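K.L.:
What follows is a structure written as structure tokens; I'll ask about it next.
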Amino acid sequence: MTRFEPAAAGPDLYERIRRLYPICRSITGDGVRETLRLIAEEIELEVREIPSGTPVFDWTVPNEWNIRDAYIANARGERVVDFRASNLHVVNYSVPVHGHMSLAQLRPHLFSIPEQPDWIPYRTAYYAETWGFCLSHRQLEQLEDETYEVHIDSSLAPGHLTFGQSYLAGETADEVLFSSHVCHPSLCNDNLSGISVAVSLAKILRDRPRRYSYRFVFAPGTIGAITWLALHQPQAERVAHGVILACAGDRGPLTYKRSRRGGAAIDRAFAHLLKDRPGAQLQEFSPLGYDERQYCSPGFNLPVGVLSRTPHGCFPEYHTSADDLDLVAPEALADTLSLLLELVDVIEGDATFRNLNPRCEPQLGRRGLYAAMGGHTGQDRRLREAALLWVLNLSDGGHSLLDVAERSGLPFGTVRDAAASLEAAGLLERMRSA
Amino acid sequence: MTRFEPAAAGPDLYERIRRLYPICRSITGDGVRETLRLIAEEIELEVREIPSGTPVFDWTVPNEWNIRDAYIANARGERVVDFRASNLHVVNYSVPVHGHMSLAQLRPHLFSIPEQPDWIPYRTAYYAETWGFCLSHRQLEQLEDETYEVHIDSSLAPGHLTFGQSYLAGETADEVLFSSHVCHPSLCNDNLSGISVAVSLAKILRDRPRRYSYRFVFAPGTIGAITWLALHQPQAERVAHGVILACAGDRGPLTYKRSRRGGAAIDRAFAHLLKDRPGAQLQEFSPLGYDERQYCSPGFNLPVGVLSRTPHGCFPEYHTSADDLDLVAPEALADTLSLLLELVDVIEGDATFRNLNPRCEPQLGRRGLYAAMGGHTGQDRRLREAALLWVLNLSDGGHSLLDVAERSGLPFGTVRDAAASLEAAGLLERMRSA
Amino acid sequence: MTRFEPAAAGPDLYERIRRLYPICRSITGDGVRETLRLIAEEIELEVREIPSGTPVFDWTVPNEWNIRDAYIANARGERVVDFRASNLHVVNYSVPVHGHMSLAQLRPHLFSIPEQPDWIPYRTAYYAETWGFCLSHRQLEQLEDETYEVHIDSSLAPGHLTFGQSYLAGETADEVLFSSHVCHPSLCNDNLSGISVAVSLAKILRDRPRRYSYRFVFAPGTIGAITWLALHQPQAERVAHGVILACAGDRGPLTYKRSRRGGAAIDRAFAHLLKDRPGAQLQEFSPLGYDERQYCSPGFNLPVGVLSRTPHGCFPEYHTSADDLDLVAPEALADTLSLLLELVDVIEGDATFRNLNPRCEPQLGRRGLYAAMGGHTGQDRRLREAALLWVLNLSDGGHSLLDVAERSGLPFGTVRDAAASLEAAGLLERMRSA
């Protein structure tokens, strides 16, 4: 197990996004399949196909949507709006259409952003049988009052909803869940960033010893998460900690949104880790957002939070063509991955101990415990000595190492290392239930 | 049930004060009777007469005090201090006196406010058999060293203590109490304002469906509240929420003083409502003040707070002749009433629900729930959609709608309306004990 | 019992420090004995001698160290570093040494503070058999490259560890512990200040009625506290409140470091008392520091905090020759003592009462309770009347007087006096367990 070098991970994280970027994804269809096929080239992936019409809690798996081509052509036969230029040009889940119509007839089916005249908006119509085109406001303004050929070569018919998952068994069946939605077409931060970080994390954890089992879910937003939960209720009950990865690659500071529980271990772990990251934000839970709406619904109430950089809806490029390869950065993706590895360190390393010499301090000098930490100087050494004393003082069976880190303000890793030294010296006993 | 229009209520609220202003009230006597008679012209009122000498907890109902006339006349027979000019001129509960005396003899019985030389102070001597005159400092300074005729034509003799109450039965016997003290003579903000707001509120609630029963108590301060409590212990036990109305008509911002419990539903409801009122203040409970001293005594500990604008003792005109018809304003009175109606909405509308589809979100679109809220646009619509999701997410049987409003930061009304829509759609079940 | 006059106590407190200053103390040996002998001239003191080798929890009582003389002499026989000039010149617990050596050989045994070139550092080597000299950096720089005679006339051999304690029996066997370390040589603030304040406090409390029993422990730091705890486990279990006194005489504001419990009565009492002391600080517990490391180890977890002025390590003179008679001030020592007497007032006076007239206020005027507090005017009188109402309101058997003081913001003494008046009037009943 080699130590992770964040800087080195950036290019791979970014290259994966570049590769997935052109695919036209949706909540069903071949775009998701192709995305999962590329992921499966890197990590072991179980891909599931759930038939349209399958009931999943209050919902039904919808018909499958696929698209081959779409355009608006002017009287001279020129494509003035062309799916081949950007898959955002078609409202996602548009039903097939072909015909000629005046601009006035076409107009209600056209969507732009007047405030951002160069950007194409991203729109969907999953549960409304309709069609439409998205285009930049400049394009819209140049449309003249003539007759247009309108063509959407799509299909919406019984088929399947597709999702993938990768499972890494650990010492216990308790699971850590990482979930990324895979339903967005050519949008980078939302959510190729989350997908890419999850794939790299899975590759790293595959080669490490694991106390927990780890599950990486790649599913369409909302209906995909609902379908996954409907089919994995026993697994959901085993989720000890979970993170939704979304908007994880822009240059903004990190943001963690707490689970519905608010004070779950995952919430406390992120709070501890983020307090030393300049600009990092903690958000309270709300039932608005991404798949925390499902994982944190009251019947599940899973300890699942959301890790983002700039949260969805809070960057101007959100759900537009400007969420492109320039918006995400290798360094930002690597920084997100780095935080997740720190999180895994906390989750894996957290434990509760009992001080076997609880009356007065044990004599650490005699056991060489101060010396054992030699090679360290100044501030570093002081932190390590403080950690020894804090772990001894709070190890009364009622405080975990994360508790110690929180109360002492010391980094979790320093606290965990101190506990390891004390356990090796026979001064601490590990409690069974951490 | 028509919606309340605050602006329209102001003139009535003010006019009622104008009508009650001239009466010389005290803790007993004809002034209180006349006040209750005028109230009874507007709302159904039970008036009780409790004989002097009746034991009420640690106290005894005192002798009844009445006054007809009082003055200080100079050697030329001119009234230099005249009860007919202001009933504040006589120390409330002064025993009868008639005689001639020098200024030196008279002086210990004269009270003024040197810092406010034009104002007459308001003083009482309920439980000390004495007498006195209050006058402006300018009047005092003009008194020359001569012999004065001093005359107080009062009576202090066995009689009754009088209070009134109006009861509006609701679906349940649990009560909401509004209490206003009626013992102050010609003082407007303290407390004709509280009386007037209570009367208007009673008139409005009379014509509405009511889950709770409502009780409006008009009693003298301290001894009146003690007497009411002594005679209504079963009713006191049924008080689910209570508000003392005092100093409710000046132009300052609203102030709510919490009940002794601090976190009672009434305290939380006012905190929720006031957070959006600019300048509004929340005060912690203290056992100093008005009748919260009795309602919140430890043997009762009722969930009763105090609603004021500028609290008693915090405006310079307090307990002086400057607490007159200019100090209170129709708009301020209407604003206080408006808040009370919002409070009633919270109290009446609060309930706890259970989400009948607790696993994942139900599909709201299919049920037209998003559309059902059509006609709303932009921010308004976003708030309503958010409210649907918040209510569903927190309706696990352990959160009331007020809890939802507090945690989401959404207005209570929006939350309640969302719950009604969801209940109508069969997605929520109302719990029995709200 | 006469009231304590802080200003008058300053000279005595300071004079005691002046007397103890020259003694060369350590964790064992004649310096501690001489210190305890001087204390025993003022208060009754039990002195204990614990043989070297005695096991005390995880530790063993070390060999006893004594020193008679030490110096470094140059080729001309001049003492360039001389124990007789300052006992800080010898590293405490240095083993005997006599010989001649070059500056290069001597250099690793010499310690100075380059940043404070005129100060001699204080260093110890308790559990490492070594020797050394401390000197000012100016002295060090003046040493020429010649051969020096090095002489330490010390002994390190089986003997005893010495500590003293003074016990003042009270009505109950529950104890209040004051603990001061006595192991530092000529250092005034750390910790002759703590010793001197403890001695004066013991003298004052000796002559007062006491509900609690009081114990003053004068023991070496760490090993002394461990030894005391090992030998006094039943007494430790009876510690209801405890304070470590250290660095208690400098001119900085007061600092209280909470016990491990954080919200023990002692912690709340100090928080209450310090909130009105300008500049005073509250520190959270940490297991770094002085003997709170032992008293607050998880197997004891005693309610023992630390009272200092500027905490150890936070003043530049800490553990140097500049912690001398100029660093401490009579006024500062008296102020610390004064706070401790206020603390004793809180501890002794705290009690829980039940209001015997819990329904509504009792009529205080009739009982002369307002008048009873006559002689007071204005603000003072208002505070006293408020205290009567607060005590009555919160005396439901669940709030102590300290609770009342905390919630009301009134001084504890005012609250306690109000409770005494109310108890005398038969309005309150004292609960058995305070």
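Residue numbering restarts at 1 in every chain; chains get A, B, ... in the order shown in the structure tokens, and ligands count up from 1 in that same order.
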From a DSSP pass on the backbone, collect the residues of region 225-410 of chain C flagged as alpha helix (DSSP H) and hand them back as a PyMOL selection string.
P.N.:
chain C and resi 225-231+233-237+265-274+292-295+330-349+369-372+378-394+401-408
K.L.:
Taking only C-alpha atoms into account, what are the residues of chain C at most 10 Å from chain A, put as JSON, numbers by chain?
P.N.:
{"C": [56, 57, 58, 59, 60, 127, 128, 222, 223, 225, 226, 227, 229, 230, 260, 284, 285, 286, 287, 288, 291, 292, 293, 294, 295, 296, 297, 298, 299, 300, 301]}
K.L.:
Limited to C-alpha atoms, could you put the picked residues into a file as a PDB file, in the first residue's frame?
P.N.:
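out.pdb written:
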```
ATOM      1  CA  VAL C  56       2.315   4.252  43.343  1.00  0.00           C
ATOM      2  CA  PHE C  57       0.024   3.177  40.512  1.00  0.00           C
ATOM      3  CA  ASP C  58       2.174   2.847  37.401  1.00  0.00           C
ATOM      4  CA  TRP C  59       5.056   4.716  39.008  1.00  0.00           C
ATOM      5  CA  THR C  60       7.676   4.148  41.714  1.00  0.00           C
ATOM      6  CA  TYR C 127      14.196  10.165  35.461  1.00  0.00           C
ATOM      7  CA  ALA C 128      17.429  10.402  33.414  1.00  0.00           C
ATOM      8  CA  THR C 222       3.153  14.739  39.112  1.00  0.00           C
ATOM      9  CA  ILE C 223       4.868  12.101  41.313  1.00  0.00           C
ATOM     10  CA  ALA C 225       0.061  14.054  43.270  1.00  0.00           C
ATOM     11  CA  ILE C 226       0.241  10.440  42.094  1.00  0.00           C
ATOM     12  CA  THR C 227       1.610   9.392  45.479  1.00  0.00           C
ATOM     13  CA  LEU C 229      -3.808   9.784  45.214  1.00  0.00           C
ATOM     14  CA  ALA C 230      -2.371   6.296  45.664  1.00  0.00           C
ATOM     15  CA  ARG C 260     -12.435  17.178  32.836  1.00  0.00           C
ATOM     16  CA  GLU C 284     -11.523  24.182  28.602  1.00  0.00           C
ATOM     17  CA  PHE C 285      -9.966  21.122  30.171  1.00  0.00           C
ATOM     18  CA  SER C 286      -6.983  19.487  28.551  1.00  0.00           C
ATOM     19  CA  PRO C 287      -4.870  16.651  29.953  1.00  0.00           C
ATOM     20  CA  LEU C 288      -1.753  18.797  29.557  1.00  0.00           C
ATOM     21  CA  ASP C 291      -1.713  17.962  38.535  1.00  0.00           C
ATOM     22  CA  GLU C 292      -5.103  18.019  36.830  1.00  0.00           C
ATOM     23  CA  ARG C 293      -3.384  15.373  34.676  1.00  0.00           C
ATOM     24  CA  GLN C 294      -3.644  13.069  37.701  1.00  0.00           C
ATOM     25  CA  TYR C 295      -6.758  14.267  39.523  1.00  0.00           C
ATOM     26  CA  CYS C 296      -8.655  14.268  36.230  1.00  0.00           C
ATOM     27  CA  SER C 297      -7.284  10.982  34.895  1.00  0.00           C
ATOM     28  CA  PRO C 298     -10.228   8.870  33.769  1.00  0.00           C
ATOM     29  CA  GLY C 299     -10.074   6.492  36.745  1.00  0.00           C
ATOM     30  CA  PHE C 300     -10.517   9.436  39.130  1.00  0.00           C
ATOM     31  CA  ASN C 301     -12.210  12.107  37.018  1.00  0.00           C
TER      32      ASN C 301
END
```
K.L.:
Just give me the gap between CA of Phe178 (chain C) and CA of Tyr93 (chain C) in Å, one decimal is fine.
P.N.:
26.9 Å
K.L.:
Residues at most 9 Å from Leu341 (chain B), counting only C-alpha atoms, excluding those fewer than 5 positions away in the same chain, as a list of chain:residue names?
P.N.:
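Once the adjacent positions are removed, what remains is B:Phe4, B:Leu201, B:Ile204, B:Leu205, B:Thr336, B:Val346.
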K.L.:
Counting only C-alpha atoms, which residue out of A:Pro220, A:Pro411, A:Gly77, A:Pro51 sits closest to Thr35 (chain A)?
P.N.:
A:Pro220
K.L.:
Taking only region 59-139 of chain C into account, list the residues labelled strand (DSSP E) by DSSP (computed from the backbone), as an MDAnalysis selection string.
P.N.:
chainID C and resid 59:60 64:73 79:82 97:102 110:111 133:134
K.L.:
Just the selected residues (N, CA and C atoms), exported as a compact mmCIF listing (two decimals), in the first residue's frame, please.
P.N.:
```txt
# COMPACT_ATOMS: atom_id res chain seq x y z
N TRP C 59 3.79 4.08 38.74
CA TRP C 59 5.06 4.72 39.01
C TRP C 59 5.72 4.11 40.25
N THR C 60 6.96 4.55 40.51
CA THR C 60 7.68 4.15 41.71
C THR C 60 8.27 5.41 42.33
N GLU C 64 15.85 9.79 46.52
CA GLU C 64 15.80 11.17 47.03
C GLU C 64 17.03 11.93 46.55
N TRP C 65 16.80 13.16 46.18
CA TRP C 65 17.89 14.01 45.68
C TRP C 65 18.15 15.15 46.64
N ASN C 66 19.43 15.35 46.95
CA ASN C 66 19.80 16.53 47.74
C ASN C 66 21.04 17.15 47.14
N ILE C 67 21.19 18.40 47.37
CA ILE C 67 22.35 19.09 46.80
C ILE C 67 22.86 20.08 47.83
N ARG C 68 24.18 20.15 47.90
CA ARG C 68 24.81 21.07 48.85
C ARG C 68 25.51 22.23 48.13
N ASP C 69 26.17 21.90 47.04
CA ASP C 69 26.92 22.95 46.35
C ASP C 69 27.13 22.49 44.91
N ALA C 70 27.45 23.45 44.04
CA ALA C 70 27.76 23.13 42.65
C ALA C 70 28.35 24.36 42.02
N TYR C 71 29.30 24.11 41.12
CA TYR C 71 29.89 25.25 40.41
C TYR C 71 30.66 24.77 39.19
N ILE C 72 30.92 25.75 38.33
CA ILE C 72 31.91 25.59 37.27
C ILE C 72 32.96 26.66 37.54
N ALA C 73 34.20 26.22 37.69
CA ALA C 73 35.26 27.18 37.99
C ALA C 73 36.25 27.22 36.82
N ARG C 79 34.63 30.87 40.34
CA ARG C 79 33.36 30.22 40.02
C ARG C 79 32.65 31.05 38.95
N VAL C 80 32.57 30.57 37.76
CA VAL C 80 31.88 31.32 36.70
C VAL C 80 30.40 30.95 36.65
N VAL C 81 30.05 29.80 37.18
CA VAL C 81 28.64 29.45 37.42
C VAL C 81 28.58 28.90 38.83
N ASP C 82 27.65 29.46 39.65
CA ASP C 82 27.73 29.15 41.07
C ASP C 82 26.33 28.90 41.64
N VAL C 97 28.96 15.05 40.22
CA VAL C 97 30.04 15.01 39.22
C VAL C 97 31.17 15.86 39.78
N HIS C 98 32.38 15.45 39.52
CA HIS C 98 33.54 16.28 39.86
C HIS C 98 34.65 15.94 38.88
N GLY C 99 35.22 16.97 38.25
CA GLY C 99 36.29 16.70 37.29
C GLY C 99 36.66 17.95 36.55
N HIS C 100 37.58 17.77 35.64
CA HIS C 100 38.02 18.89 34.81
C HIS C 100 37.72 18.53 33.37
N MET C 101 37.28 19.50 32.61
CA MET C 101 36.98 19.20 31.20
C MET C 101 37.07 20.46 30.38
N SER C 102 37.24 20.25 29.10
CA SER C 102 37.32 21.37 28.17
C SER C 102 35.92 21.94 27.97
N LEU C 110 25.41 22.32 29.17
CA LEU C 110 25.08 23.71 29.49
C LEU C 110 23.81 24.14 28.76
N PHE C 111 22.92 24.84 29.47
CA PHE C 111 21.63 25.24 28.89
C PHE C 111 21.38 26.72 29.14
N PHE C 133 24.18 22.17 33.83
CA PHE C 133 24.13 23.50 34.41
C PHE C 133 23.27 24.40 33.53
N CYS C 134 22.52 25.28 34.16
CA CYS C 134 21.77 26.30 33.44
C CYS C 134 22.43 27.64 33.72
```
K.L.:
Determine, counting only C-alpha atoms, which protein, DNA and RNA residues have an atom within 12 Å of an atom of Gly262 (chain A); residues of the same chain fewer than 2 positions away are not included. Present the result as a count of residues only.
P.N.:
26
K.L.:
Need to verify the contact set: Asn74 (chain B), 10 Å, only C-alpha atoms, exclusion of same-chain residues closer than 6 positions in sequence. Can you return it as a ChimeraX atom specification?
P.N.:
/B:80-81,100,143-150
K.L.:
Please provide as a PyMOL selection string all residues within 8 Å of Ser213 (chain B), with the sequence filter that same-chain residues fewer than 5 positions apart are discarded (counting only C-alpha atoms).
P.N.:
chain B and resi 167-176
K.L.:
Using only C-alpha atoms, which protein or nucleic acid residues come within 10 Å of Met431 (chain B)? Drop anything in the same chain fewer than 2 positions from it, and give the result as a compact mmCIF listing (two decimals) with C-alpha atoms, in the first residue's frame.
P.N.:
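selection-v7.txt, freshly written:
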```txt
# COMPACT_ATOMS: atom_id res chain seq x y z
CA ALA B 351 -49.97 18.99 13.83
CA THR B 352 -47.76 15.96 13.49
CA PHE B 353 -48.01 13.72 10.46
CA ARG B 354 -46.63 10.41 9.34
CA SER B 395 -43.03 13.57 8.82
CA GLY B 397 -44.24 10.98 13.53
CA GLY B 398 -41.67 12.82 15.60
CA SER B 400 -44.66 18.73 14.12
CA LEU B 428 -49.68 11.85 4.96
CA GLU B 429 -51.53 10.52 7.96
CA SER B 433 -51.75 13.85 19.52
CA ALA B 434 -50.41 16.89 17.75
```
